[in-house]
Amino acid sequence: MIRGCTIVLFILFLIENVCSNTCGHNNCETTIDIPLKSKLNEPLEAELDISSFTTRLKEIIRKEVKKAVNDLVENILDKTVQTGIERLQTSTNVGISTFRQKIEAGLEVKMEKDYEFLMKKQNISATEIHDSLTSMGNKLDREIEHLKGKQHFTESKLSVVESEVHKITENVAITSCARNTHTYDGNEIIKFSAVKLSNGIENVKKFISSGTFTCEKQGIYLVGLYILSYTQRASFAIMKNGIIVSSVYVRPALRSTEDNHHTGTGIIAVQLNENDTLNIKSGYYKTQVYGRKFSCLTVIKVK
């Protein structure tokens, strides 16, 4: 490109020096004198008008120069732009790389610090949580043990109350009569072994064999009995734990030859606790007791 421009400039220089342009009062002559010699070796001179040629040549040269200059400028601009872009790219790449390295280094340092901080926080939090959970667990264990104790105590009391309520509300009753007619000595337990009704009593056989009623459920009991006897001075007593609580005189000492069968009746309410005893004993004298339905005993829990 530079070589072409040099050639063009040289041609322009040549034209300017070869061509003689005489211009005056805005009138230009464009001619060139060419020296010649004749066959006789005499000097001749020819004047050649080259105005149209010069104009055409100038136009061609102008175009070529313009094109060469444009190409040169474009080439220079391309190279300058390319160089600038390459330098900018290099600078940008270096800057970006440096910036990225700085950012990555800063981020790495910050991440390490944050990681250390989080690990410390995590360790502290884990320790605090573990201690808190341990404390809560111990407290819950104590509360549970306390509640278990209270529950056991409540269940025990409830069981006692239920047992007591069951004992109080359960019906207890027995009606039994003398099986056969029998004469008892003074102060002897009269047996009513022919049981007609039994409810809420577990050891009925003991009552039948011994004639003694043993309280299994505490409460207020109503004791009622009647005895038919022919014996003079016949009497009986209602005994609670071996102590007389009521006495009944059946037949007085009469010498009448008429029928002297008499019935004595006794009724009393007593408070009995568990294992208290009730029985009926004959009086001081011998007492005949008619059996079967003529002599019977009833014990019933009323409350």
# chains A, B, ... in the order shown; residues from 1 in each chain; ligands from 1

call {"tool": "residues_around", "arguments": {"residues": "Ser282 of chain A", "least_positions_apart": "5", "cutoff": "8 Å", "atoms": "only C-alpha atoms", "output": "MDAnalysis selection string"}}
result
chainID A and resid 184:190 234:237 287

call {"tool": "write_last_selection", "arguments": {"atoms": "N, CA, C and O atoms", "output": "PDB file, in the first residue's frame"}}
result
ATOM      1  N   TYR A 184     -80.246 -76.253 124.841  1.00  0.00           N
ATOM      2  CA  TYR A 184     -78.882 -75.738 125.060  1.00  0.00           C
ATOM      3  C   TYR A 184     -78.681 -75.474 126.548  1.00  0.00           C
ATOM      4  O   TYR A 184     -79.603 -75.037 127.262  1.00  0.00           O
ATOM      5  N   ASP A 185     -77.475 -75.734 126.987  1.00  0.00           N
ATOM      6  CA  ASP A 185     -77.129 -75.397 128.365  1.00  0.00           C
ATOM      7  C   ASP A 185     -77.041 -73.887 128.510  1.00  0.00           C
ATOM      8  O   ASP A 185     -77.027 -73.140 127.525  1.00  0.00           O
ATOM      9  N   GLY A 186     -76.942 -73.422 129.720  1.00  0.00           N
ATOM     10  CA  GLY A 186     -76.815 -71.982 129.947  1.00  0.00           C
ATOM     11  C   GLY A 186     -75.543 -71.416 129.310  1.00  0.00           C
ATOM     12  O   GLY A 186     -74.474 -72.040 129.303  1.00  0.00           O
ATOM     13  N   ASN A 187     -75.702 -70.236 128.708  1.00  0.00           N
ATOM     14  CA  ASN A 187     -74.574 -69.495 128.117  1.00  0.00           C
ATOM     15  C   ASN A 187     -73.893 -70.273 126.980  1.00  0.00           C
ATOM     16  O   ASN A 187     -72.681 -70.220 126.806  1.00  0.00           O
ATOM     17  N   GLU A 188     -74.673 -70.986 126.195  1.00  0.00           N
ATOM     18  CA  GLU A 188     -74.159 -71.752 125.066  1.00  0.00           C
ATOM     19  C   GLU A 188     -74.623 -71.089 123.763  1.00  0.00           C
ATOM     20  O   GLU A 188     -75.749 -70.589 123.676  1.00  0.00           O
ATOM     21  N   ILE A 189     -73.755 -71.118 122.768  1.00  0.00           N
ATOM     22  CA  ILE A 189     -74.086 -70.498 121.475  1.00  0.00           C
ATOM     23  C   ILE A 189     -75.157 -71.340 120.775  1.00  0.00           C
ATOM     24  O   ILE A 189     -74.998 -72.553 120.610  1.00  0.00           O
ATOM     25  N   ILE A 190     -76.248 -70.659 120.385  1.00  0.00           N
ATOM     26  CA  ILE A 190     -77.335 -71.332 119.670  1.00  0.00           C
ATOM     27  C   ILE A 190     -77.008 -71.279 118.169  1.00  0.00           C
ATOM     28  O   ILE A 190     -76.704 -70.215 117.622  1.00  0.00           O
ATOM     29  N   ALA A 234     -86.731 -69.772 130.027  1.00  0.00           N
ATOM     30  CA  ALA A 234     -85.935 -69.741 128.785  1.00  0.00           C
ATOM     31  C   ALA A 234     -85.649 -68.285 128.384  1.00  0.00           C
ATOM     32  O   ALA A 234     -86.534 -67.422 128.444  1.00  0.00           O
ATOM     33  N   SER A 235     -84.415 -68.025 128.006  1.00  0.00           N
ATOM     34  CA  SER A 235     -84.015 -66.672 127.569  1.00  0.00           C
ATOM     35  C   SER A 235     -82.801 -66.789 126.622  1.00  0.00           C
ATOM     36  O   SER A 235     -82.159 -67.825 126.551  1.00  0.00           O
ATOM     37  N   PHE A 236     -82.535 -65.689 125.961  1.00  0.00           N
ATOM     38  CA  PHE A 236     -81.333 -65.667 125.083  1.00  0.00           C
ATOM     39  C   PHE A 236     -80.781 -64.239 125.055  1.00  0.00           C
ATOM     40  O   PHE A 236     -81.473 -63.279 125.443  1.00  0.00           O
ATOM     41  N   ALA A 237     -79.558 -64.092 124.566  1.00  0.00           N
ATOM     42  CA  ALA A 237     -78.888 -62.791 124.517  1.00  0.00           C
ATOM     43  C   ALA A 237     -78.204 -62.622 123.145  1.00  0.00           C
ATOM     44  O   ALA A 237     -77.655 -63.571 122.585  1.00  0.00           O
ATOM     45  N   THR A 287     -82.119 -73.871 127.808  1.00  0.00           N
ATOM     46  CA  THR A 287     -83.146 -73.323 126.931  1.00  0.00           C
ATOM     47  C   THR A 287     -83.384 -74.281 125.775  1.00  0.00           C
ATOM     48  O   THR A 287     -82.447 -74.653 125.057  1.00  0.00           O
TER      49      THR A 287
END

call {"tool": "atom_distance", "arguments": {"atom1": "atom CA of Met111 of chain A", "atom2": "atom CA of His130 of chain A"}}
result
27.0 Å

call {"tool": "atom_distance", "arguments": {"atom1": "atom CA of Ile201 of chain A", "atom2": "atom CA of Asn273 of chain A"}}
result
14.3 Å

call {"tool": "atom_distance", "arguments": {"atom1": "atom CA of Thr298 of chain A", "atom2": "atom CA of Tyr226 of chain A"}}
result
9.3 Å

call {"tool": "residues_around", "arguments": {"residues": "Arg233 of chain A", "least_positions_apart": "5", "cutoff": "10 Å", "atoms": "only C-alpha atoms", "output": "ChimeraX atom specification"}}
result
/A:249-254,283-287

call {"tool": "closest_residue", "arguments": {"among": "A:Met239, A:Cys215, A:Val299, A:Leu225", "to": "Gly266 of chain A", "atoms": "only C-alpha atoms"}}
result
A:Leu225

call {"tool": "select_by_dssp", "arguments": {"residues": "segment 182-284 of chain A", "states": "strand (DSSP E)", "output": "PyMOL selection string"}}
result
chain A and resi 182-184+194-199+213-214+219-229+234-240+243-251+262-272+277-282

call {"tool": "residues_around", "arguments": {"residues": "Thr277 of chain A", "least_positions_apart": "2", "cutoff": "10 Å", "atoms": "only C-alpha atoms", "output": "count of residues only"}}
result
15

call {"tool": "select_by_dssp", "arguments": {"residues": "segment 97-204 of chain A", "states": "alpha helix (DSSP H)", "output": "PyMOL selection string"}}
result
chain A and resi 97-169+204

call {"tool": "residues_around", "arguments": {"residues": "segment 158-164 of chain A", "least_positions_apart": "6", "cutoff": "12 Å", "atoms": "only C-alpha atoms", "output": "PyMOL selection string"}}
result
chain A and resi 150-152+170+216-219+273-274+303

call {"tool": "closest_residue", "arguments": {"among": "A:Ile300, A:Val289, A:Leu197, A:Ile60", "to": "Ala269 of chain A", "atoms": "only C-alpha atoms"}}
result
A:Ile300
